[in-house]
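Trainee: Just work_28.txt, nothing more (compact mmCIF, C-alpha atoms and all ligand atoms):
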# COMPACT_ATOMS: atom_id res chain seq x y z
CA MET A 1 8.76 -14.64 17.40
CA ARG A 2 9.42 -11.14 18.62
CA ILE A 3 12.48 -8.93 18.41
CA THR A 4 13.14 -7.00 21.59
CA LYS A 5 14.26 -3.36 21.67
CA GLU A 6 17.38 -4.48 23.54
CA ARG A 7 18.27 -6.87 20.73
CA ILE A 8 17.82 -4.13 18.18
CA ALA A 9 19.99 -1.73 20.17
CA GLU A 10 22.66 -4.44 20.30
CA GLU A 11 22.47 -4.94 16.50
CA ASN A 12 22.70 -1.17 15.92
CA LYS A 13 25.89 -0.75 17.96
CA PRO A 14 28.48 -1.64 15.28
CA HIS A 15 26.76 0.66 12.76
CA LEU A 16 26.32 3.72 14.98
CA LYS A 17 29.65 5.39 14.25
CA SER A 18 29.28 5.18 10.49
CA HIS A 19 25.66 6.34 10.73
CA THR A 20 26.62 9.39 12.78
CA GLU A 21 29.38 10.38 10.37
CA ARG A 22 27.14 10.10 7.32
CA PHE A 23 24.23 11.78 9.10
CA ASP A 24 26.35 14.70 10.27
CA PHE A 25 27.71 15.26 6.77
CA LEU A 26 24.24 15.15 5.19
CA SER A 27 22.50 17.31 7.79
CA HIS A 28 25.31 19.87 7.56
CA THR A 29 24.92 19.95 3.75
CA LEU A 30 21.14 20.21 3.94
CA ARG A 31 21.16 22.92 6.62
CA HIS A 32 23.63 24.85 4.49
CA ALA A 33 21.06 24.70 1.68
CA GLY A 34 18.28 25.87 4.02
CA GLY A 35 16.75 22.43 4.63
CA GLU A 36 14.89 21.67 7.84
CA VAL A 37 16.48 18.39 8.84
CA GLU A 38 14.59 17.79 12.09
CA ALA A 39 11.20 18.46 10.50
CA ILE A 40 11.97 15.96 7.72
CA ILE A 41 12.97 13.27 10.23
CA ASP A 42 9.74 13.87 12.18
CA GLN A 43 7.69 13.40 9.03
CA LEU A 44 9.59 10.24 8.06
CA ALA A 45 9.14 8.81 11.55
CA ALA A 46 5.39 9.47 11.40
CA PHE A 47 4.94 7.90 7.95
CA GLN A 48 3.40 4.44 8.33
CA VAL A 49 2.51 2.04 5.54
CA ALA A 50 0.07 -0.85 5.90
CA ILE A 51 1.19 -4.35 4.95
CA PRO A 52 -1.42 -6.54 3.28
CA SER A 53 -1.81 -10.05 4.64
CA TRP A 54 -1.36 -11.52 1.14
CA ALA A 55 2.13 -10.09 0.69
CA LEU A 56 3.61 -12.22 3.47
CA GLY A 57 3.68 -15.53 1.62
CA ALA A 58 4.89 -16.57 -1.80
CA GLY A 59 2.48 -15.57 -4.53
CA GLY A 60 2.51 -17.19 -7.88
CA THR A 61 1.84 -16.68 -11.54
CA ARG A 62 -0.74 -18.43 -13.67
CA PHE A 63 2.04 -20.86 -14.52
CA GLY A 64 2.98 -21.97 -11.06
CA ARG A 65 3.87 -21.12 -7.52
CA PHE A 66 7.18 -21.70 -5.79
CA SER A 67 6.76 -22.02 -2.05
CA PHE A 68 8.83 -20.04 0.36
CA TYR A 69 9.81 -21.75 3.56
CA GLY A 70 8.33 -20.74 6.91
CA GLU A 71 5.38 -18.84 5.42
CA PRO A 72 2.70 -17.66 7.83
CA ALA A 73 -0.18 -20.14 7.73
CA THR A 74 -2.56 -18.38 10.12
CA LEU A 75 -3.76 -14.86 10.75
CA GLU A 76 -1.79 -14.88 14.02
CA GLN A 77 1.41 -15.68 12.13
CA LYS A 78 0.71 -12.97 9.55
CA ILE A 79 0.37 -10.43 12.35
CA GLU A 80 3.60 -11.76 13.82
CA ASP A 81 5.36 -11.21 10.46
CA VAL A 82 4.16 -7.61 10.21
CA GLY A 83 5.28 -7.21 13.83
CA ILE A 84 8.78 -8.24 12.75
CA LEU A 85 8.73 -5.70 9.93
CA GLN A 86 7.54 -3.03 12.32
CA SER A 87 10.24 -3.80 14.92
CA LEU A 88 12.97 -3.51 12.29
CA THR A 89 11.72 -0.64 10.13
CA GLN A 90 9.26 1.27 12.37
CA THR A 91 7.40 2.08 9.13
CA ALA A 92 4.91 -0.80 8.94
CA GLY A 93 2.45 0.14 11.67
CA ALA A 94 -0.67 -1.50 10.24
CA ILE A 95 -1.96 -4.66 8.61
CA SER A 96 -4.61 -4.84 5.91
CA LEU A 97 -6.80 -7.94 5.93
CA HIS A 98 -8.41 -9.75 3.09
CA ILE A 99 -11.79 -11.35 3.68
CA PRO A 100 -12.51 -14.30 3.59
CA TRP A 101 -8.82 -15.27 3.73
CA ASP A 102 -8.29 -13.67 7.15
CA VAL A 103 -11.49 -14.03 9.17
CA PRO A 104 -10.52 -14.01 12.88
CA SER A 105 -11.98 -16.69 15.12
CA ASP A 106 -11.38 -14.75 18.34
CA TYR A 107 -11.62 -10.97 17.79
CA THR A 108 -10.46 -9.94 21.24
CA ALA A 109 -7.39 -12.16 21.04
CA ILE A 110 -6.50 -10.93 17.53
CA LYS A 111 -6.87 -7.30 18.55
CA GLU A 112 -4.68 -7.86 21.60
CA LEU A 113 -2.07 -9.66 19.52
CA ALA A 114 -1.94 -6.80 16.98
CA ALA A 115 -1.74 -4.20 19.75
CA SER A 116 1.11 -6.09 21.39
CA HIS A 117 3.03 -5.72 18.11
CA GLU A 118 2.03 -2.03 17.96
CA LEU A 119 -0.11 -2.62 14.86
CA LEU A 120 -3.42 -1.12 13.75
CA PHE A 121 -5.92 -2.64 11.33
CA ASP A 122 -6.00 -0.68 8.11
CA ALA A 123 -8.58 -0.96 5.31
CA VAL A 124 -10.35 -4.30 4.94
CA ASN A 125 -10.49 -5.80 1.46
CA SER A 126 -13.43 -7.69 0.01
CA ASN A 127 -13.12 -10.54 -2.45
CA THR A 128 -15.58 -11.05 -5.26
CA PHE A 129 -12.96 -12.16 -7.75
CA GLN A 130 -13.16 -15.84 -6.84
CA ASP A 131 -16.00 -18.11 -5.80
CA GLN A 132 -16.15 -18.95 -2.12
CA LYS A 133 -16.86 -22.41 -0.78
CA ASN A 134 -20.60 -23.17 -0.68
CA ALA A 135 -21.49 -19.86 -2.29
CA LYS A 136 -24.83 -20.01 -4.03
CA GLU A 137 -23.90 -17.72 -6.92
CA SER A 138 -20.76 -17.66 -9.07
CA TYR A 139 -18.69 -14.57 -9.94
CA LYS A 140 -17.50 -16.07 -13.22
CA TYR A 141 -19.34 -13.38 -15.20
CA GLY A 142 -18.96 -10.53 -12.71
CA SER A 143 -19.95 -9.57 -9.19
CA LEU A 144 -21.16 -6.02 -8.45
CA SER A 145 -21.73 -5.56 -12.18
CA ALA A 146 -23.24 -8.98 -12.89
CA ASN A 147 -26.23 -9.31 -15.20
CA ARG A 148 -28.17 -11.37 -12.67
CA SER A 149 -29.45 -9.51 -9.62
CA ALA A 150 -28.97 -12.55 -7.36
CA VAL A 151 -25.22 -12.42 -8.05
CA ARG A 152 -25.07 -8.69 -7.39
CA LYS A 153 -27.00 -9.12 -4.15
CA GLN A 154 -24.59 -11.80 -2.93
CA ALA A 155 -21.60 -9.56 -3.78
CA VAL A 156 -23.11 -6.54 -1.99
CA LYS A 157 -23.90 -8.69 1.04
CA HIS A 158 -20.32 -10.00 1.14
CA ASN A 159 -18.95 -6.43 1.16
CA ILE A 160 -21.25 -5.50 4.04
CA GLU A 161 -20.07 -8.58 5.96
CA VAL A 162 -16.48 -7.48 5.38
CA VAL A 163 -17.35 -4.09 6.89
CA ASP A 164 -18.86 -5.84 9.93
CA ILE A 165 -15.65 -7.81 10.43
CA GLY A 166 -13.61 -4.63 10.03
CA LYS A 167 -15.76 -2.82 12.61
CA LYS A 168 -14.90 -5.44 15.22
CA LEU A 169 -11.19 -4.92 14.55
CA GLY A 170 -11.14 -1.13 14.48
CA SER A 171 -10.71 -0.70 10.71
CA LYS A 172 -12.15 2.48 9.25
CA SER A 173 -12.26 1.77 5.53
CA LEU A 174 -13.28 -0.75 2.91
CA THR A 175 -11.32 -1.22 -0.31
CA VAL A 176 -13.21 -2.57 -3.29
CA TRP A 177 -11.31 -3.91 -6.24
CA LEU A 178 -13.41 -5.61 -8.89
CA ALA A 179 -12.26 -8.23 -11.35
CA ASP A 180 -15.46 -7.54 -13.31
CA GLY A 181 -15.18 -6.98 -17.03
CA ALA A 182 -15.20 -8.81 -20.31
CA ASN A 183 -12.78 -11.03 -22.14
CA PHE A 184 -14.22 -10.45 -25.58
CA PRO A 185 -15.77 -7.60 -27.55
CA GLY A 186 -19.51 -7.79 -27.49
CA GLN A 187 -19.55 -9.97 -24.38
CA ARG A 188 -21.09 -7.32 -22.16
CA ASN A 189 -23.03 -4.12 -22.51
CA PHE A 190 -20.70 -1.42 -21.14
CA GLN A 191 -23.49 0.86 -19.94
CA THR A 192 -25.45 -1.86 -18.17
CA ALA A 193 -22.32 -3.17 -16.43
CA LEU A 194 -21.32 0.31 -15.26
CA GLN A 195 -24.83 1.18 -14.07
CA HIS A 196 -25.07 -2.09 -12.10
CA THR A 197 -21.67 -1.36 -10.52
CA GLU A 198 -22.74 2.14 -9.51
CA ASP A 199 -26.00 0.87 -7.99
CA SER A 200 -24.20 -1.92 -6.08
CA LEU A 201 -21.53 0.45 -4.75
CA LYS A 202 -24.24 2.85 -3.58
CA GLU A 203 -25.84 0.02 -1.60
CA ILE A 204 -22.51 -0.82 0.04
CA TYR A 205 -21.85 2.85 0.74
CA ALA A 206 -25.26 3.22 2.39
CA ALA A 207 -24.35 0.42 4.81
CA LEU A 208 -21.01 1.99 5.84
CA PRO A 209 -20.68 3.35 9.38
CA SER A 210 -20.57 7.16 9.41
CA ASP A 211 -16.85 7.26 10.26
CA TRP A 212 -15.85 4.86 7.48
CA LYS A 213 -14.49 5.50 3.99
CA LEU A 214 -15.01 3.55 0.79
CA PHE A 215 -11.99 3.21 -1.51
CA ILE A 216 -12.70 2.33 -5.13
CA GLU A 217 -9.72 0.81 -6.94
CA TYR A 218 -9.37 0.78 -10.74
CA LYS A 219 -7.41 -1.32 -13.19
CA PRO A 220 -7.37 -1.27 -17.01
CA TYR A 221 -7.13 -5.01 -17.60
CA GLU A 222 -6.65 -8.39 -15.90
CA PRO A 223 -8.14 -10.83 -15.13
CA ASN A 224 -10.41 -9.71 -17.95
CA PHE A 225 -8.38 -8.84 -21.02
CA TYR A 226 -10.82 -6.93 -23.22
CA SER A 227 -12.36 -4.53 -20.72
CA THR A 228 -12.74 -3.95 -17.00
CA VAL A 229 -15.77 -2.19 -15.54
CA ILE A 230 -13.69 0.26 -13.47
CA GLN A 231 -10.86 0.72 -15.92
CA ASP A 232 -9.32 4.04 -14.91
CA TRP A 233 -9.18 6.84 -12.34
CA GLY A 234 -11.90 8.79 -14.14
CA THR A 235 -14.38 5.94 -13.82
CA SER A 236 -13.45 5.43 -10.18
CA PHE A 237 -13.75 9.19 -9.53
CA MET A 238 -17.18 9.25 -11.15
CA LEU A 239 -18.36 6.30 -9.06
CA ALA A 240 -16.96 7.83 -5.87
CA ASN A 241 -18.82 11.06 -6.59
CA ALA A 242 -22.01 9.11 -7.24
CA CYS A 243 -21.67 7.36 -3.85
CA GLY A 244 -20.93 10.41 -1.70
CA ASP A 245 -18.43 12.38 0.39
CA ARG A 246 -16.79 9.41 2.07
CA ALA A 247 -16.15 7.48 -1.15
CA TYR A 248 -12.72 7.96 -2.72
CA THR A 249 -10.52 6.79 -5.54
CA LEU A 250 -7.67 4.45 -4.73
CA VAL A 251 -4.53 4.60 -6.88
CA ASP A 252 -2.50 1.41 -7.27
CA LEU A 253 0.81 2.09 -9.03
CA GLY A 254 0.61 -1.14 -11.04
CA HIS A 255 -2.90 -0.52 -12.31
CA HIS A 256 -2.07 1.73 -15.26
CA LEU A 257 -1.15 1.28 -18.88
CA PRO A 258 2.59 1.73 -19.56
CA ASN A 259 3.85 5.33 -19.45
CA THR A 260 0.74 6.74 -17.77
CA ASN A 261 1.53 9.99 -15.96
CA ILE A 262 0.53 8.76 -12.49
CA GLU A 263 1.84 11.87 -10.71
CA GLN A 264 -0.64 13.98 -12.66
CA ILE A 265 -3.50 11.65 -11.68
CA VAL A 266 -2.47 11.96 -8.02
CA SER A 267 -2.37 15.73 -8.32
CA THR A 268 -5.82 15.97 -9.97
CA LEU A 269 -7.44 13.69 -7.39
CA MET A 270 -5.96 15.62 -4.46
CA LEU A 271 -7.12 18.94 -5.91
CA LYS A 272 -10.63 17.47 -6.00
CA GLY A 273 -10.28 15.95 -2.50
CA LYS A 274 -10.79 12.41 -3.77
CA LEU A 275 -7.50 10.56 -3.31
CA GLY A 276 -8.39 8.16 -0.50
CA GLY A 277 -5.90 5.33 -0.73
CA PHE A 278 -2.62 4.49 -2.32
CA HIS A 279 -1.08 1.11 -3.17
CA PHE A 280 2.67 0.92 -3.70
CA ASN A 281 4.51 -1.49 -5.99
CA ASP A 282 6.54 -1.15 -9.17
CA SER A 283 6.29 -2.45 -12.69
CA LYS A 284 7.86 -2.45 -16.11
CA TYR A 285 4.98 -3.79 -18.18
CA GLY A 286 1.75 -4.12 -16.22
CA ASP A 287 0.61 -5.18 -12.79
CA ASP A 288 3.98 -6.81 -12.18
CA ASP A 289 4.04 -6.43 -8.39
CA SER A 290 7.77 -5.71 -8.45
CA THR A 291 9.52 -4.34 -5.37
CA VAL A 292 8.70 -0.65 -4.86
CA GLY A 293 11.33 1.57 -6.48
CA SER A 294 13.14 -1.32 -8.19
CA VAL A 295 12.25 -0.31 -11.76
CA LYS A 296 11.19 3.34 -11.84
CA PRO A 297 12.49 5.16 -8.75
CA TYR A 298 12.36 8.58 -10.46
CA ALA A 299 8.67 8.14 -11.29
CA LEU A 300 8.03 7.20 -7.66
CA PHE A 301 9.84 10.36 -6.55
CA LEU A 302 7.76 12.53 -8.90
CA ILE A 303 4.60 10.93 -7.51
CA PHE A 304 5.77 11.69 -3.98
CA ASN A 305 6.45 15.27 -4.98
CA GLU A 306 2.75 15.59 -5.86
CA LEU A 307 1.68 13.76 -2.70
CA VAL A 308 3.78 16.09 -0.54
CA TYR A 309 2.42 19.12 -2.38
CA GLY A 310 -1.14 17.82 -1.98
CA MET A 311 -0.72 17.06 1.72
CA LEU A 312 0.50 20.63 2.21
CA ASN A 313 -1.97 22.45 -0.02
CA ASN A 314 -5.14 20.37 -0.24
CA PRO A 315 -6.97 20.35 3.11
CA GLN A 316 -10.01 19.13 1.14
CA ASN A 317 -8.23 15.80 0.65
CA PRO A 318 -8.04 13.41 3.63
CA TYR A 319 -4.70 11.98 4.68
CA PRO A 320 -4.33 9.03 2.27
CA ALA A 321 -4.23 5.42 3.46
CA TRP A 322 -0.86 3.98 2.40
CA MET A 323 -0.37 0.32 1.62
CA ILE A 324 2.10 -1.89 -0.20
CA ASP A 325 0.26 -4.11 -2.67
CA ALA A 326 2.60 -6.76 -3.96
CA SER A 327 3.07 -10.44 -4.29
CA HIS A 328 6.41 -12.20 -4.26
CA ASN A 329 7.53 -15.05 -6.44
CA ILE A 330 11.28 -15.21 -6.02
CA LYS A 331 12.41 -13.23 -2.97
CA ASP A 332 11.81 -13.83 0.70
CA PRO A 333 8.56 -11.81 1.15
CA LEU A 334 9.80 -10.14 4.33
CA GLU A 335 13.06 -9.07 2.70
CA ASP A 336 11.14 -7.74 -0.29
CA LEU A 337 8.83 -5.76 2.00
CA ILE A 338 11.83 -4.31 3.86
CA GLN A 339 13.25 -3.16 0.51
CA SER A 340 9.86 -1.72 -0.49
CA LEU A 341 9.44 0.19 2.79
CA GLU A 342 12.95 1.61 2.37
CA ALA A 343 12.18 2.73 -1.20
CA ILE A 344 8.95 4.42 -0.12
CA GLN A 345 10.68 6.30 2.69
CA GLU A 346 13.51 7.26 0.36
CA ALA A 347 11.17 8.73 -2.26
CA TYR A 348 9.21 10.54 0.47
CA ALA A 349 12.38 11.99 2.02
CA LYS A 350 13.64 13.20 -1.36
CA ALA A 351 10.29 14.84 -2.08
CA LEU A 352 10.46 16.55 1.32
CA LEU A 353 13.83 18.05 0.31
CA ILE A 354 12.22 20.01 -2.50
CA ASP A 355 11.86 23.67 -1.64
CA GLN A 356 8.26 24.14 -2.81
CA SER A 357 8.40 27.93 -2.77
CA GLN A 358 11.60 27.95 -4.84
CA LEU A 359 9.98 25.54 -7.28
CA LYS A 360 6.91 27.75 -7.50
CA SER A 361 9.01 30.84 -8.24
CA ALA A 362 10.90 28.99 -10.97
CA GLN A 363 7.61 27.76 -12.44
CA GLU A 364 6.11 31.24 -12.40
CA ALA A 365 9.22 32.66 -14.06
CA ASN A 366 8.98 29.90 -16.69
CA ASP A 367 12.54 28.93 -15.84
CA VAL A 368 12.24 25.39 -17.11
CA VAL A 369 15.88 24.57 -16.47
CA VAL A 370 15.78 25.61 -12.82
CA CYS A 371 12.53 23.68 -12.29
CA GLN A 372 14.28 20.53 -13.45
CA GLU A 373 17.41 21.32 -11.39
CA ILE A 374 15.35 21.66 -8.20
CA LEU A 375 13.73 18.27 -8.71
CA GLN A 376 16.89 16.47 -9.76
CA ASP A 377 19.00 18.00 -7.02
CA ALA A 378 16.61 16.49 -4.47
CA PHE A 379 16.48 13.17 -6.29
CA ARG A 380 20.26 12.87 -6.46
CA THR A 381 20.70 13.40 -2.72
CA ASP A 382 21.51 10.25 -0.75
CA VAL A 383 18.89 10.57 1.98
CA ARG A 384 19.48 7.20 3.62
CA PRO A 385 21.05 8.67 6.78
CA LEU A 386 17.74 10.56 7.36
CA LEU A 387 15.82 7.28 7.13
CA GLU A 388 18.22 5.70 9.58
CA ALA A 389 17.78 8.61 11.98
CA ALA A 390 13.99 8.31 11.77
CA ARG A 391 14.15 4.60 12.53
CA LEU A 392 16.61 5.11 15.39
CA ARG A 393 14.35 7.72 16.92
CA ARG A 394 11.53 5.17 17.12
CA GLY A 395 13.69 2.30 18.33
CA GLY A 396 14.15 0.62 14.95
CA THR A 397 17.24 -0.64 13.21
CA ILE A 398 19.83 1.36 11.31
CA HIS A 399 19.96 -1.39 8.66
CA PRO A 400 16.72 -3.43 8.63
CA LEU A 401 17.81 -5.88 5.96
CA LYS A 402 21.24 -6.53 7.47
CA THR A 403 19.60 -7.05 10.86
CA PHE A 404 16.96 -9.37 9.38
CA ARG A 405 19.79 -11.53 8.10
CA SER A 406 22.13 -11.30 11.05
CA LEU A 407 19.33 -12.26 13.45
CA LYS A 408 18.56 -15.22 11.15
CA ILE A 409 14.86 -14.42 11.30
CA ARG A 410 13.77 -16.57 8.36
CA GLU A 411 15.70 -19.55 9.75
CA GLN A 412 13.91 -19.08 13.07
CA LEU A 413 10.51 -18.85 11.38
CA ILE A 414 11.20 -22.08 9.50
CA ARG A 415 12.14 -23.78 12.78
CA GLU A 416 8.90 -22.55 14.37
CA ARG A 417 6.53 -23.10 11.44
CA GLY A 418 8.14 -25.80 9.37
CA LYS A 419 9.22 -25.79 5.76
CA ASN A 420 6.05 -26.52 3.88
CA THR A 421 3.59 -24.00 5.25
CA VAL A 422 1.41 -22.11 2.81
CA ALA A 423 -0.02 -18.67 3.46
CA SER A 424 -3.78 -19.03 3.41
CA GLY A 425 -5.64 -17.66 0.43
CA LEU A 426 -2.73 -17.91 -1.98
MN MN B 501 -4.10 -2.76 -5.14
Go ahead and render the structure in this file as structure tokens.
Ligand SMILES: [Mn+2]
Mentor:
Amino acid sequence: MRITKERIAEENKPHLKSHTERFDFLSHTLRHAGGEVEAIIDQLAAFQVAIPSWALGAGGTRFGRFSFYGEPATLEQKIEDVGILQSLTQTAGAISLHIPWDVPSDYTAIKELAASHELLFDAVNSNTFQDQKNAKESYKYGSLSANRSAVRKQAVKHNIEVVDIGKKLGSKSLTVWLADGANFPGQRNFQTALQHTEDSLKEIYAALPSDWKLFIEYKPYEPNFYSTVIQDWGTSFMLANACGDRAYTLVDLGHHLPNTNIEQIVSTLMLKGKLGGFHFNDSKYGDDDSTVGSVKPYALFLIFNELVYGMLNNPQNPYPAWMIDASHNIKDPLEDLIQSLEAIQEAYAKALLIDQSQLKSAQEANDVVVCQEILQDAFRTDVRPLLEAARLRRGGTIHPLKTFRSLKIREQLIRERGKNTVASGL
């Protein structure tokens, strides 16, 4: 299904008056405080976040999986779902594929379909965390870090195949997340595992086209619960440096131990020009994959403050690749993604409100109280009318979630796809 611009304009009509009133009040207040309202709206309108193919169906836990009706069963349907998100929010302009879950059968047709929904192909993701059908070697004891060279070779070859698929779609980056590690002390030699990983990544990097980037993701635990080979940003940073200029660290918000100061990690990586990709989600305990901004919105805002600062002040760092990385157990995945996109834009808008030169002066004067006031004043501002204005400017909806429900999109998808579809790969 597709949502036409005319339909969206129709849905926006009853909300226009209230939007204008709230927008006028906010822009008047912000201008009074010296804020550049138009520039902020431009930046919000340009900010696009990739949606991963695996976030469109119901995920599960190790205890079970509860299906969601009308899930996309094919790559075409996954693209259609992201197209719906893009029509409503105008913030989801790309899809990130997972290989082998999303191998296209007809590349030209898939590219045309994505283009017709105004979508690009973002980073491609390899999978060496589960054994593939008919694979000769098993990843049970690791992939790029495995003790046996035949296993490592198979894993490297898979990554290069993923790059080849991505090339045909117009992707420009490969994300590697490894499940490699150990479940028990003594199980693996740390140094050997790390050295194997570095050597394997270098082989993959050598096979990358010259205009591609390699993103190296880290995670402290899970599925291995004693150690992971790439446990933290420092290890990822070291591996990226060993590979070369086009290898970067990827920060996933859920891949940290509780209370980690993620904003400081972001800041350090941008200073060193090595923050390549960013995965949004939220968590209370671990890699919980909660809706972005649902648990720790202030932490998300502080992270965005560093991202905004880095984008302004660190030309050595490339523009990061943004993606939501989440899996949904209870909510309608599309509704959850709409909420996540809104939370990302909200945190970004609030960070854009911060007067960086004022903050710098307060920092230099050691005026701790004013530093905190500047941050919290921005955080406490209700910026939603700015988000609405950015969406309106691009032909999106004032209220994506309300429109999703009033257009009965899920009901329509169930009619088209049936009740018991299962998103592939999950
Ligand atoms: Mn991730």
Trainee: Please write out, as lines of an AutoDock Vina configuration file, where the centre of an axis-aligned box around all listed atoms of region 281-291 of chain A lies and how long its edges are, in Å to one decimal, after adding 5 Å on each side.
Mentor:
center_x = 5.1
center_y = -4.0
center_z = -11.8
size_x = 18.9
size_y = 15.7
size_z = 22.8
Trainee: Report as a ChimeraX atom specification which protein, DNA and RNA residues come within 12 Å of ligand MN 501 (chain B), using all atoms listed in the file.
Mentor: /A:50-52,54-55,96,98,123-126,175-179,215-219,249-256,277-282,287-289,321-327
Trainee: Give one line per residue of region 285-352 of chain A that approaches region 386-402 of chain A to at most 7 Å, naming the two atoms of the closest pair and their distance in Å to one decimal, counting all atoms listed in the file; sort by chain then ascending residue number and deliver it as a tab-separated table.
Mentor:
residue	atom	partner	partner_atom	distance
A:Glu335	CA	A:Leu401	CA	6.6
A:Ile338	CA	A:Leu401	CA	6.5
A:Gln345	CA	A:Leu387	CA	6.9
Trainee: Please, what distance in Å, to one decimal, runs between CA of Ile354 (chain A) and CA of Phe23 (chain A)?
Mentor: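 For CA of Ile354 (chain A) relative to CA of Phe23 (chain A), the distance reads 18.6 Å.
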Trainee: Using Å and a single decimal, report how far CA of Leu275 (chain A) sits from CA of Thr197 (chain A).
Mentor: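 CA of Thr197 (chain A) sits 19.9 Å away from CA of Leu275 (chain A).
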